[in-house]
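One structure is given here, and the rest of the page talks about it.
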Amino acid sequence: EVPPPTNFAAIDAVERLPDQSAAALKGYRAFQGHAFPRAFAVNAQGGWGSGRGGEDPLARAMESCTKKSETGACHLYAVDDKIVWKPSP
């Protein structure tokens with residue numbers, strides 16, 4: 001299920017990405033160039049993943065992020081052209 005869009009950032013505002021590592025920024029820029037359907041997931045403690053096309057890009061983005069994350073949970077950051085990230089309070 002796709003979460004509702006938030007007003008956290010514009011889709012092209014890479015400076016708002018919670019994981020500012022070189023790898024995450026490169027991954028997010030690549031994600032931006034992919035056709036829909038697409039999804040990008042992040043872990044605020046470091047880690048990211050993306051999925052595109054096929055049956056369930058959201059699940060693939062979450063799975064990829066979880067494999068790259070050492071601590072904490074992954075959350076969807078963007079789906080298609082909408083930011084769905086909600087920062088932790």
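Residue names in the structure tokens use chain letters A, B, ... in the order shown, residue numbers from 1 in each chain, and ligand numbers from 1 in the order shown.
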### Query
Leaving out segment 50-65 of chain A and any residue of its chain fewer than 3 positions from it, which residues lie within 10 Å of it when counting only C-alpha atoms, given as a PyMOL selection string?
chain A and resi 1-2+24+27-28+30-31+34-43+46-47+68-70+73-80
For the selection just defined, write its residues with N, CA and C atoms to a file, as a PDB file, in the first residue's frame.
ATOM      1  N   GLU A   1       0.845  -1.189   0.000  1.00  0.00           N
ATOM      2  CA  GLU A   1       0.000   0.000   0.000  1.00  0.00           C
ATOM      3  C   GLU A   1       0.888   1.249   0.000  1.00  0.00           C
ATOM      4  N   VAL A   2       0.567   2.168  -0.886  1.00  0.00           N
ATOM      5  CA  VAL A   2       1.359   3.390  -1.006  1.00  0.00           C
ATOM      6  C   VAL A   2       0.948   4.375   0.081  1.00  0.00           C
ATOM      7  N   ALA A  24      24.089   6.815  -1.117  1.00  0.00           N
ATOM      8  CA  ALA A  24      22.651   7.095  -1.104  1.00  0.00           C
ATOM      9  C   ALA A  24      22.298   8.207  -2.089  1.00  0.00           C
ATOM     10  N   GLY A  27      22.419   6.749  -5.509  1.00  0.00           N
ATOM     11  CA  GLY A  27      21.259   5.887  -5.688  1.00  0.00           C
ATOM     12  C   GLY A  27      19.982   6.671  -5.903  1.00  0.00           C
ATOM     13  N   TYR A  28      19.823   7.775  -5.149  1.00  0.00           N
ATOM     14  CA  TYR A  28      18.615   8.590  -5.286  1.00  0.00           C
ATOM     15  C   TYR A  28      18.586   9.297  -6.641  1.00  0.00           C
ATOM     16  N   ALA A  30      19.909   8.173  -9.367  1.00  0.00           N
ATOM     17  CA  ALA A  30      19.562   7.125 -10.336  1.00  0.00           C
ATOM     18  C   ALA A  30      18.062   6.838 -10.281  1.00  0.00           C
ATOM     19  N   PHE A  31      17.512   6.754  -9.065  1.00  0.00           N
ATOM     20  CA  PHE A  31      16.068   6.539  -8.883  1.00  0.00           C
ATOM     21  C   PHE A  31      15.272   7.609  -9.627  1.00  0.00           C
ATOM     22  N   HIS A  34      14.529   6.868 -13.262  1.00  0.00           N
ATOM     23  CA  HIS A  34      13.776   5.677 -13.641  1.00  0.00           C
ATOM     24  C   HIS A  34      12.315   6.021 -13.921  1.00  0.00           C
ATOM     25  N   ALA A  35      11.714   5.255 -14.812  1.00  0.00           N
ATOM     26  CA  ALA A  35      10.293   5.404 -15.120  1.00  0.00           C
ATOM     27  C   ALA A  35       9.448   4.842 -13.976  1.00  0.00           C
ATOM     28  N   PHE A  36       8.203   5.242 -13.909  1.00  0.00           N
ATOM     29  CA  PHE A  36       7.250   4.707 -12.934  1.00  0.00           C
ATOM     30  C   PHE A  36       6.858   3.296 -13.371  1.00  0.00           C
ATOM     31  N   PRO A  37       6.514   2.408 -12.454  1.00  0.00           N
ATOM     32  CA  PRO A  37       6.500   2.593 -11.008  1.00  0.00           C
ATOM     33  C   PRO A  37       7.908   2.482 -10.428  1.00  0.00           C
ATOM     34  N   ARG A  38       8.135   3.232  -9.398  1.00  0.00           N
ATOM     35  CA  ARG A  38       9.440   3.250  -8.746  1.00  0.00           C
ATOM     36  C   ARG A  38       9.251   3.608  -7.279  1.00  0.00           C
ATOM     37  N   ALA A  39      10.210   3.195  -6.453  1.00  0.00           N
ATOM     38  CA  ALA A  39      10.159   3.499  -5.024  1.00  0.00           C
ATOM     39  C   ALA A  39      11.581   3.605  -4.493  1.00  0.00           C
ATOM     40  N   PHE A  40      11.752   4.428  -3.474  1.00  0.00           N
ATOM     41  CA  PHE A  40      13.039   4.617  -2.825  1.00  0.00           C
ATOM     42  C   PHE A  40      12.808   4.576  -1.326  1.00  0.00           C
ATOM     43  N   ALA A  41      13.587   3.770  -0.630  1.00  0.00           N
ATOM     44  CA  ALA A  41      13.465   3.628   0.822  1.00  0.00           C
ATOM     45  C   ALA A  41      14.767   4.046   1.484  1.00  0.00           C
ATOM     46  N   VAL A  42      14.663   4.571   2.704  1.00  0.00           N
ATOM     47  CA  VAL A  42      15.846   4.995   3.457  1.00  0.00           C
ATOM     48  C   VAL A  42      15.735   4.568   4.907  1.00  0.00           C
ATOM     49  N   ASN A  43      16.888   4.588   5.542  1.00  0.00           N
ATOM     50  CA  ASN A  43      17.007   4.383   6.966  1.00  0.00           C
ATOM     51  C   ASN A  43      17.701   5.638   7.489  1.00  0.00           C
ATOM     52  N   GLY A  46      21.308   5.483   8.198  1.00  0.00           N
ATOM     53  CA  GLY A  46      22.189   5.132   7.085  1.00  0.00           C
ATOM     54  C   GLY A  46      21.714   3.862   6.407  1.00  0.00           C
ATOM     55  N   GLY A  47      21.521   3.945   5.147  1.00  0.00           N
ATOM     56  CA  GLY A  47      21.030   2.814   4.361  1.00  0.00           C
ATOM     57  C   GLY A  47      19.950   3.287   3.420  1.00  0.00           C
ATOM     58  N   LYS A  68      21.011  -3.296   3.352  1.00  0.00           N
ATOM     59  CA  LYS A  68      22.122  -2.350   3.452  1.00  0.00           C
ATOM     60  C   LYS A  68      22.186  -1.649   4.806  1.00  0.00           C
ATOM     61  N   SER A  69      21.177  -1.809   5.636  1.00  0.00           N
ATOM     62  CA  SER A  69      21.090  -1.072   6.899  1.00  0.00           C
ATOM     63  C   SER A  69      21.586  -1.925   8.056  1.00  0.00           C
ATOM     64  N   GLU A  70      22.401  -1.327   8.886  1.00  0.00           N
ATOM     65  CA  GLU A  70      22.940  -2.050  10.033  1.00  0.00           C
ATOM     66  C   GLU A  70      22.067  -1.908  11.269  1.00  0.00           C
ATOM     67  N   ALA A  73      15.031   0.758  11.380  1.00  0.00           N
ATOM     68  CA  ALA A  73      14.113   0.293  10.347  1.00  0.00           C
ATOM     69  C   ALA A  73      14.183   1.177   9.106  1.00  0.00           C
ATOM     70  N   CYS A  74      13.901   0.583   7.972  1.00  0.00           N
ATOM     71  CA  CYS A  74      13.790   1.332   6.721  1.00  0.00           C
ATOM     72  C   CYS A  74      12.352   1.820   6.554  1.00  0.00           C
ATOM     73  N   HIS A  75      12.220   2.917   5.867  1.00  0.00           N
ATOM     74  CA  HIS A  75      10.905   3.497   5.575  1.00  0.00           C
ATOM     75  C   HIS A  75      10.921   4.002   4.146  1.00  0.00           C
ATOM     76  N   LEU A  76       9.767   3.971   3.506  1.00  0.00           N
ATOM     77  CA  LEU A  76       9.679   4.523   2.161  1.00  0.00           C
ATOM     78  C   LEU A  76       9.959   6.013   2.206  1.00  0.00           C
ATOM     79  N   TYR A  77      10.749   6.488   1.277  1.00  0.00           N
ATOM     80  CA  TYR A  77      11.038   7.918   1.158  1.00  0.00           C
ATOM     81  C   TYR A  77      10.249   8.530  -0.001  1.00  0.00           C
ATOM     82  N   ALA A  78      10.275   7.853  -1.161  1.00  0.00           N
ATOM     83  CA  ALA A  78       9.591   8.378  -2.333  1.00  0.00           C
ATOM     84  C   ALA A  78       8.951   7.228  -3.115  1.00  0.00           C
ATOM     85  N   VAL A  79       7.788   7.509  -3.664  1.00  0.00           N
ATOM     86  CA  VAL A  79       7.098   6.575  -4.543  1.00  0.00           C
ATOM     87  C   VAL A  79       6.679   7.359  -5.783  1.00  0.00           C
ATOM     88  N   ASP A  80       7.124   6.895  -6.938  1.00  0.00           N
ATOM     89  CA  ASP A  80       6.889   7.582  -8.211  1.00  0.00           C
ATOM     90  C   ASP A  80       7.404   9.013  -8.119  1.00  0.00           C
TER      91      ASP A  80
END
### Query
Which parts of chain A does DSSP call alpha helix (DSSP H) when run on the backbone here, written out as a PyMOL selection string?
chain A and resi 22-32+57-68
### Message
Among chain A, which ones does DSSP assign to strand (DSSP E or B) (computed from the backbone)? Answer as a ChimeraX atom specification.
### Response
/A:38-42,48-52,75-79,82-83
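With distances restricted to only C-alpha atoms, A:Gln32 is the closest residue to Asp81 of chain A from A:Gln32, A:Lys26, A:Ser21, A:Val14.
The closest residue to Leu17 of chain A, picked from A:Pro87, A:Gly72, A:Gly33, A:Pro4 and counting only C-alpha atoms, is A:Pro87.
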## Note on the structure
Atom pair atom CA of Ser88 of chain A + atom CA of Ala44 of chain A, distance 8.9 Å
